[in-house]
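Shown next: entry.tsv, containing TSV, C-alpha atoms.
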```tsv
chain	number	residue	atom	x	y	z
B	156	MET	CA	12.95	30.12	19.31
B	157	SER	CA	16.24	31.48	18.04
B	158	ALA	CA	16.71	28.50	15.71
B	159	ALA	CA	13.27	29.02	14.22
B	160	GLN	CA	13.93	32.71	13.74
B	161	LYS	CA	17.33	32.21	12.16
B	162	ALA	CA	16.23	29.44	9.85
B	163	PRO	CA	15.02	31.62	6.94
B	164	ASP	CA	18.37	33.37	6.51
B	165	ALA	CA	20.52	30.27	6.85
B	166	PRO	CA	21.43	28.48	3.62
B	167	PRO	CA	19.49	25.21	3.40
B	168	ALA	CA	21.21	22.00	4.48
B	169	PRO	CA	24.95	22.64	4.70
B	170	ALA	CA	26.91	19.44	4.18
B	171	ASP	CA	28.31	19.14	7.70
B	172	GLY	CA	26.98	16.93	10.50
B	173	THR	CA	24.82	19.58	12.13
B	174	ALA	CA	22.44	19.82	9.19
B	175	PRO	CA	20.21	16.78	9.91
B	176	GLN	CA	19.40	17.93	13.45
B	177	ALA	CA	18.57	21.42	12.29
B	178	GLU	CA	16.60	20.02	9.37
B	179	ALA	CA	14.50	17.76	11.59
B	180	GLY	CA	12.82	20.69	13.29
B	181	ARG	CA	12.23	22.65	10.12
B	182	ILE	CA	8.64	21.75	9.47
B	183	GLY	CA	7.79	25.37	8.70
B	184	THR	CA	10.11	25.97	5.76
B	185	GLY	CA	9.92	25.11	2.07
B	186	PRO	CA	6.62	23.34	1.35
B	187	GLY	CA	5.94	23.64	5.07
B	188	ARG	CA	5.82	27.43	4.77
B	189	LEU	CA	3.14	27.16	2.07
B	190	LEU	CA	1.16	24.91	4.42
B	191	LEU	CA	1.80	27.33	7.28
B	192	SER	CA	0.42	30.20	5.17
B	193	LEU	CA	-2.67	28.26	4.11
B	194	TYR	CA	-3.35	27.10	7.66
B	195	GLY	CA	-2.98	30.70	8.79
B	196	VAL	CA	-5.63	31.80	6.30
B	197	PHE	CA	-7.96	29.00	7.35
B	198	THR	CA	-7.49	29.86	11.02
B	199	VAL	CA	-8.64	33.41	10.34
B	200	ALA	CA	-11.45	32.26	8.03
B	201	ALA	CA	-12.89	29.58	10.32
B	202	LEU	CA	-12.55	31.57	13.54
B	203	SER	CA	-14.04	34.77	12.14
B	204	ARG	CA	-16.86	32.83	10.50
B	205	SER	CA	-17.75	31.12	13.77
B	206	ILE	CA	-17.46	34.35	15.75
B	207	VAL	CA	-19.91	36.11	13.40
B	208	GLN	CA	-22.29	33.14	13.37
B	209	LEU	CA	-22.14	32.45	17.11
B	210	SER	CA	-22.70	36.10	17.98
B	211	THR	CA	-25.50	36.83	15.49
B	212	LYS	CA	-27.51	33.63	15.00
B	213	PHE	CA	-26.37	30.99	17.46
B	214	HIS	CA	-29.80	29.31	17.74
B	215	GLU	CA	-30.25	28.63	14.04
B	216	ALA	CA	-27.58	25.93	13.89
B	217	PRO	CA	-25.60	25.71	17.13
B	218	LEU	CA	-23.80	22.50	16.19
B	219	ALA	CA	-22.59	23.87	12.86
B	220	TYR	CA	-21.34	27.12	14.39
B	221	VAL	CA	-19.60	25.47	17.33
B	222	LEU	CA	-17.99	23.10	14.85
B	223	SER	CA	-16.64	26.00	12.79
B	224	GLY	CA	-15.12	27.32	16.00
B	225	VAL	CA	-13.53	23.95	16.82
B	226	ALA	CA	-12.14	23.75	13.27
B	227	GLY	CA	-10.68	27.22	13.70
B	228	VAL	CA	-8.96	26.20	16.95
B	229	VAL	CA	-7.49	23.07	15.31
B	230	TYR	CA	-6.21	25.22	12.44
B	231	ALA	CA	-4.69	27.65	14.91
B	232	VAL	CA	-2.86	24.83	16.72
B	233	ILE	CA	-1.42	23.49	13.45
B	234	THR	CA	-0.39	26.97	12.29
B	235	PHE	CA	1.40	27.59	15.57
B	236	ALA	CA	3.09	24.16	15.54
B	237	LEU	CA	4.38	24.67	11.98
B	238	TRP	CA	5.64	28.11	12.88
B	239	ARG	CA	7.28	26.87	16.08
B	240	GLY	CA	9.03	23.84	14.60
B	241	GLY	CA	10.91	21.11	16.47
B	242	GLU	CA	10.07	17.51	17.24
B	243	ALA	CA	7.40	18.21	19.86
B	244	ALA	CA	5.62	20.64	17.54
B	245	ARG	CA	5.82	18.06	14.76
B	246	LYS	CA	4.00	15.53	16.97
B	247	VAL	CA	1.36	18.10	17.91
B	248	ALA	CA	0.90	18.93	14.24
B	249	LEU	CA	0.62	15.21	13.36
B	250	VAL	CA	-2.12	14.65	15.95
B	251	SER	CA	-3.95	17.84	14.95
B	252	CYS	CA	-3.78	17.07	11.23
B	253	SER	CA	-5.15	13.58	11.92
B	254	ALA	CA	-7.97	15.03	14.01
B	255	GLU	CA	-8.65	17.53	11.24
B	256	LEU	CA	-8.83	14.78	8.61
B	257	VAL	CA	-11.19	12.71	10.78
B	258	GLY	CA	-13.31	15.83	11.32
B	259	VAL	CA	-13.54	16.74	7.63
B	260	VAL	CA	-14.39	13.19	6.58
B	261	THR	CA	-16.98	12.72	9.37
B	262	VAL	CA	-18.69	16.05	8.72
B	263	GLY	CA	-18.40	15.51	4.97
B	264	ILE	CA	-20.22	12.18	5.19
B	265	LEU	CA	-22.78	13.52	7.70
B	266	THR	CA	-23.66	16.53	5.55
B	267	ILE	CA	-24.30	14.26	2.57
B	268	VAL	CA	-26.12	11.45	4.41
B	269	ASP	CA	-28.12	13.55	6.88
B	270	SER	CA	-28.13	17.20	5.86
B	271	SER	CA	-30.60	18.10	8.61
B	272	ALA	CA	-27.81	17.77	11.18
B	273	PHE	CA	-26.14	20.83	9.67
B	274	PRO	CA	-28.76	23.33	8.53
B	275	ASP	CA	-26.10	25.94	7.84
B	276	GLN	CA	-22.75	25.68	6.08
B	277	THR	CA	-19.50	25.05	7.93
B	278	VAL	CA	-15.94	24.94	6.62
B	279	TRP	CA	-16.12	21.15	6.65
B	280	SER	CA	-19.53	20.68	4.98
B	281	ASP	CA	-19.50	18.42	1.89
B	282	PHE	CA	-15.76	17.84	2.34
B	283	GLY	CA	-15.08	21.58	2.15
B	284	ILE	CA	-16.73	22.17	-1.22
B	285	GLY	CA	-17.26	25.85	-0.36
B	286	TYR	CA	-13.50	26.22	0.04
B	287	VAL	CA	-12.45	24.42	-3.17
B	288	PHE	CA	-11.94	21.17	-1.20
B	289	LEU	CA	-8.91	22.69	0.54
B	290	PRO	CA	-10.21	21.55	3.97
B	291	VAL	CA	-9.81	17.92	2.88
B	292	LEU	CA	-6.62	18.47	0.83
B	293	LEU	CA	-4.81	20.38	3.59
B	294	PRO	CA	-4.66	17.64	6.26
B	295	VAL	CA	-3.64	15.03	3.65
B	296	SER	CA	-0.76	17.13	2.33
B	297	GLY	CA	0.04	18.17	5.90
B	298	LEU	CA	0.39	14.56	7.04
B	299	LEU	CA	2.49	13.66	3.98
B	300	TRP	CA	4.77	16.64	4.57
B	301	LEU	CA	5.19	15.95	8.29
B	302	ARG	CA	6.08	12.34	7.55
B	303	ARG	CA	8.57	13.32	4.87
B	304	SER	CA	10.26	15.99	6.98
B	305	ALA	CA	10.63	13.50	9.85
B	306	ARG	CA	12.23	10.94	7.52
B	307	SER	CA	14.65	13.42	5.99
B	308	GLY	CA	15.55	14.57	9.51
B	309	ARG	CA	16.46	11.07	10.63
B	310	GLU	CA	18.65	10.25	7.65
B	311	ALA	CA	22.26	11.32	7.75
B	312	LEU	CA	22.02	13.29	4.52
B	313	PRO	CA	18.60	14.78	3.82
B	314	GLN	CA	18.13	14.04	0.15
B	315	GLN	CA	14.95	15.64	-1.11
B	316	ALA	CA	15.59	15.05	-4.79
B	317	GLY	CA	13.20	13.15	-6.99
B	318	GLY	CA	10.06	14.24	-5.20
B	319	GLU	CA	8.53	16.23	-8.05
C	203	MET	CA	-18.46	51.64	-8.98
C	204	LEU	CA	-17.51	48.96	-6.46
C	205	ASP	CA	-18.28	46.33	-9.11
C	206	TRP	CA	-15.54	47.73	-11.31
C	207	ALA	CA	-13.08	47.70	-8.46
C	208	VAL	CA	-13.99	44.09	-7.63
C	209	ILE	CA	-13.60	42.98	-11.25
C	210	SER	CA	-10.25	44.78	-11.66
C	211	VAL	CA	-8.82	43.38	-8.42
C	212	THR	CA	-10.02	39.86	-9.26
C	213	VAL	CA	-8.40	39.92	-12.71
C	214	LEU	CA	-5.15	41.37	-11.34
C	215	ALA	CA	-5.09	38.84	-8.49
C	216	LEU	CA	-5.54	35.91	-10.87
C	217	LEU	CA	-2.85	37.27	-13.19
C	218	LEU	CA	-0.48	37.54	-10.24
C	219	ALA	CA	-1.40	33.99	-9.18
C	220	ALA	CA	-0.66	32.64	-12.67
C	221	TRP	CA	2.62	34.59	-12.92
C	222	CYS	CA	3.92	33.42	-9.54
C	223	GLY	CA	2.55	29.94	-10.12
C	224	TRP	CA	4.65	29.84	-13.27
C	225	ALA	CA	7.69	30.97	-11.28
C	226	ALA	CA	7.06	28.19	-8.74
C	227	TYR	CA	6.71	25.68	-11.57
C	228	ARG	CA	10.06	26.84	-12.98
C	229	ASP	CA	11.65	26.38	-9.54
C	230	SER	CA	12.25	30.10	-9.12
C	231	PRO	CA	11.84	32.26	-6.00
C	232	THR	CA	9.94	35.56	-6.22
C	233	LYS	CA	12.04	38.29	-7.84
C	234	ASP	CA	11.84	42.09	-7.85
C	235	LYS	CA	9.46	42.09	-10.80
C	236	HIS	CA	7.08	39.86	-8.86
C	237	PHE	CA	7.15	42.27	-5.95
C	238	VAL	CA	6.28	45.09	-8.36
C	239	GLY	CA	3.33	42.96	-9.42
C	240	MET	CA	2.30	42.45	-5.80
C	241	ALA	CA	2.54	46.22	-5.25
C	242	VAL	CA	0.26	46.85	-8.24
C	243	VAL	CA	-2.34	44.40	-6.94
C	244	THR	CA	-2.12	45.89	-3.43
C	245	LEU	CA	-2.59	49.37	-4.88
C	246	ALA	CA	-5.72	48.19	-6.70
C	247	VAL	CA	-7.05	46.72	-3.43
C	248	LEU	CA	-6.32	50.04	-1.69
C	249	VAL	CA	-8.33	51.90	-4.36
C	250	GLN	CA	-11.12	49.40	-3.82
C	251	PHE	CA	-10.96	49.99	-0.09
C	252	VAL	CA	-11.32	53.75	-0.58
C	253	VAL	CA	-14.20	53.28	-3.04
C	254	ALA	CA	-16.00	50.96	-0.64
C	255	VAL	CA	-15.56	53.31	2.32
C	256	ALA	CA	-16.82	56.21	0.16
C	257	GLN	CA	-19.93	54.21	-0.75
C	258	LEU	CA	-20.52	53.39	2.92
C	259	ILE	CA	-20.18	57.06	3.88
C	260	ARG	CA	-22.63	57.98	1.13
C	261	GLY	CA	-25.16	55.75	2.84
C	262	ASP	CA	-25.02	52.51	0.85
C	263	ARG	CA	-25.25	49.44	3.04
C	264	PRO	CA	-24.03	45.90	2.24
C	265	ASP	CA	-26.81	43.32	2.02
C	266	GLY	CA	-24.83	40.70	3.92
C	267	GLY	CA	-24.16	42.82	6.99
C	268	MET	CA	-21.69	45.55	7.81
C	269	ALA	CA	-19.34	43.50	10.02
C	270	VAL	CA	-18.93	40.72	7.45
C	271	PHE	CA	-18.40	43.23	4.64
C	272	LEU	CA	-15.73	45.11	6.58
C	273	ALA	CA	-14.05	41.82	7.52
C	274	TYR	CA	-13.73	40.83	3.86
C	275	LEU	CA	-12.61	44.34	2.91
C	276	VAL	CA	-9.79	44.32	5.46
C	277	GLY	CA	-8.96	40.68	4.70
C	278	ALA	CA	-8.55	41.53	1.02
C	279	LEU	CA	-6.25	44.40	1.96
C	280	CYS	CA	-3.98	42.16	4.06
C	281	THR	CA	-3.74	39.11	1.79
C	282	ILE	CA	-1.05	40.11	-0.71
C	283	PRO	CA	1.20	41.98	1.76
C	284	ALA	CA	1.10	38.92	4.03
C	285	ALA	CA	1.97	36.62	1.12
C	286	ALA	CA	4.76	39.00	0.09
C	287	ALA	CA	6.22	38.91	3.60
C	288	MET	CA	6.12	35.10	3.62
C	289	SER	CA	7.80	34.90	0.22
C	290	LEU	CA	10.54	37.26	1.45
C	291	VAL	CA	11.57	34.80	4.15
C	292	GLU	CA	11.04	31.75	1.90
C	293	ARG	CA	13.56	32.30	-0.89
C	294	THR	CA	12.69	29.11	-2.79
C	295	ARG	CA	10.04	28.07	-5.30
C	296	TRP	CA	7.70	27.67	-2.32
C	297	GLY	CA	7.83	31.41	-1.77
C	298	SER	CA	6.43	31.84	-5.27
C	299	ALA	CA	3.81	29.19	-4.54
C	300	ILE	CA	2.72	31.16	-1.46
C	301	VAL	CA	2.15	34.31	-3.54
C	302	ALA	CA	0.28	32.26	-6.16
C	303	ALA	CA	-1.96	30.91	-3.39
C	304	GLY	CA	-2.38	34.46	-2.07
C	305	GLY	CA	-3.60	35.61	-5.49
C	306	VAL	CA	-6.19	32.84	-5.65
C	307	ILE	CA	-7.31	33.55	-2.08
C	308	LEU	CA	-7.68	37.26	-2.93
C	309	ALA	CA	-9.84	36.36	-5.95
C	310	VAL	CA	-12.05	34.22	-3.69
C	311	LEU	CA	-12.29	37.06	-1.15
C	312	GLU	CA	-13.38	39.39	-3.97
C	313	LEU	CA	-16.09	36.95	-4.98
C	314	ARG	CA	-17.36	36.82	-1.39
C	315	LEU	CA	-17.06	40.61	-1.10
C	316	HIS	CA	-19.26	40.94	-4.16
C	317	GLU	CA	-21.82	38.53	-2.69
C	318	VAL	CA	-21.89	40.28	0.67
C	319	TRP	CA	-22.25	43.70	-0.95
C	320	GLY	CA	-25.28	42.46	-2.89
C	321	ALA	CA	-26.50	42.78	-6.44
C	322	GLY	CA	-28.78	45.76	-5.85
C	323	HIS	CA	-25.95	48.28	-5.74
C	324	GLY	CA	-23.99	50.10	-8.41
```
Represent the structure contained in this file as structure tokens.
Amino acid sequence: MSAAQKAPDAPPAPADGTAPQAEAGRIGTGPGRLLLSLYGVFTVAALSRSIVQLSTKFHEAPLAYVLSGVAGVVYAVITFALWRGGEAARKVALVSCSAELVGVVTVGILTIVDSSAFPDQTVWSDFGIGYVFLPVLLPVSGLLWLRRSARSGREALPQQAGGE
Amino acid sequence: MLDWAVISVTVLALLLAAWCGWAAYRDSPTKDKHFVGMAVVTLAVLVQFVVAVAQLIRGDRPDGGMAVFLAYLVGALCTIPAAAAMSLVERTRWGSAIVAAGGVILAVLELRLHEVWGAGHG
């Protein structure tokens, strides 16, 4: 808790031996903070969408609306894990991002092959076309980032250069 | 009336997104001038909020439902301040990228706000 709170003020990666350990848990800083922000937005978007749909017109497309709710919960878990940081949170985020990717791809294929299964739009319909494809881009960049932050945490000196 | 507010906010939001996106590209964190920009955009969203509430009080009703309209209205109001707060703790290029993303998200919210309000209104 205290480490996660202090992290923003601390200068990044001092050259002493304590840096790698501290760095390993920092999945919510740098590019991670951009991901954290985007996941936060998607949590709010997906959850509020499903709440409105479930409460006003549940019977029109129950599967689609429940799915929006599930997507919202997955987003919430990832947002919290990124914010929390640490190795356990990184594993939770990895599993959730994988589940998210499987979900987007499955629903994306289903909505194209058999559109009758989803009579109303969800966040994951057509690979997230209604959300500028961010639903499919987010888990991919999330997984890449989580892998990279784990690698840089394990190495003695976290060298991030040359990534651009 | 609300149309003008939506158009102004959308243009300002996209300008802010481009400006902060440029800062992120140049590997620069958000600076004071960027925060002035965020304040300007937030002010425009506040004006829009007041205009929308005035229209609702006058008796106009959004086509897409009151709850959804209010949700987008409040969401639009929170977007840039939230991005600003995130970029304050993230003093790297990624802080600028967050504000750029916030600008794009605000523009999308404005588009949805316009849809939910409906074309039949002034």
Counting only C-alpha atoms, what is within 10 Å of Arg228 of chain C, bar same-chain residues fewer than 6 positions away, as a list of chain:residue names?
->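 Listing them by chain and then by number gives C:Cys222, C:Arg295, C:Ser298.
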Residues of chain B within 9 Å of chain C, counting all atoms listed in the file, as a PyMOL selection string | chain B and resi 163-164+184-190+192-193+196+203-204+207+286
Using all atoms listed in the file, find all polymer residues with an atom at most 9 Å away from the point (-13.4, 22.1, 4.9); report them as a PyMOL selection string.
-> chain B and resi 226+258-259+262-263+277-293
Keeping C-alpha atoms, export the residues of the selection given above as a compact mmCIF listing (two decimals), in the frame of the given file.
```txt
# COMPACT_ATOMS: atom_id res chain seq x y z
CA ALA B 226 -12.14 23.75 13.27
CA GLY B 258 -13.31 15.83 11.32
CA VAL B 259 -13.54 16.74 7.63
CA VAL B 262 -18.69 16.05 8.72
CA GLY B 263 -18.40 15.51 4.97
CA THR B 277 -19.50 25.05 7.93
CA VAL B 278 -15.94 24.94 6.62
CA TRP B 279 -16.12 21.15 6.65
CA SER B 280 -19.53 20.68 4.98
CA ASP B 281 -19.50 18.42 1.89
CA PHE B 282 -15.76 17.84 2.34
CA GLY B 283 -15.08 21.58 2.15
CA ILE B 284 -16.73 22.17 -1.22
CA GLY B 285 -17.26 25.85 -0.36
CA TYR B 286 -13.50 26.22 0.04
CA VAL B 287 -12.45 24.42 -3.17
CA PHE B 288 -11.94 21.17 -1.20
CA LEU B 289 -8.91 22.69 0.54
CA PRO B 290 -10.21 21.55 3.97
CA VAL B 291 -9.81 17.92 2.88
CA LEU B 292 -6.62 18.47 0.83
CA LEU B 293 -4.81 20.38 3.59
```
Spatial neighbours of Lys235 of chain C, 12 Å, all atoms listed in the file, chain gap at least 4 places, as a PyMOL selection string | chain C and resi 218+221-222+225+231+239-242
Which of C:Tyr227, C:Leu216, C:Leu272, C:Thr244 sits closest to Leu258 of chain C [using all atoms listed in the file] |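 Closest candidate: C:Leu272.
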For atom CA of Glu317 of chain C and atom CA of Leu209 of chain B, the interatomic separation in Å (one decimal) |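 Computing the Euclidean distance for atom CA of Glu317 of chain C and atom CA of Leu209 of chain B yields 20.7 Å.
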Test item: residues at most 10 Å from Ala216 of chain B, only C-alpha atoms, excluding those fewer than 4 positions along its chain, as a ChimeraX atom specification = /B:208-209,212,220-221,271-276
Rounded to one decimal place, report the atom CA of Leu313 of chain C-atom CA of Gly227 of chain B distance in Å.
->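 Here the two named atoms are 21.7 Å from each other.
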To one decimal in Å, tell me the separation between atom CA of Gly183 of chain B and atom CA of Arg306 of chain B.
->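 Going from atom CA of Gly183 of chain B over to atom CA of Arg306 of chain B covers 15.1 Å.
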Could you tell me which of B:Leu237, B:Gly224, B:Thr211, B:Lys246 comes closest to Gly195 of chain B if we count all atoms listed in the file?
->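 Between B:Leu237, B:Gly224, B:Thr211, B:Lys246, the residue approaching Gly195 of chain B most closely is B:Leu237.
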Compile the contact shell of Leu204 of chain C as a PyMOL selection string: residues with an atom at most 12 Å away, counting all atoms listed in the file, same-chain residues fewer than 5 positions apart removed.
-> chain C and resi 209-211+246-247+249-258+262+264+275+312+315-317+319-324
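Minimum distance to Gly223 of chain C across C:Leu248, C:His236, C:Ala207, C:Ile259 (counting all atoms listed in the file) occurs at C:His236.
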Got a sec: who's within 10 Å of Cys252 of chain B, counting all atoms listed in the file, leaving out chain neighbours fewer than 6 positions off, as an MDAnalysis selection string?
-> chainID B and resid 229:230 232:233 246 258 293:298 301
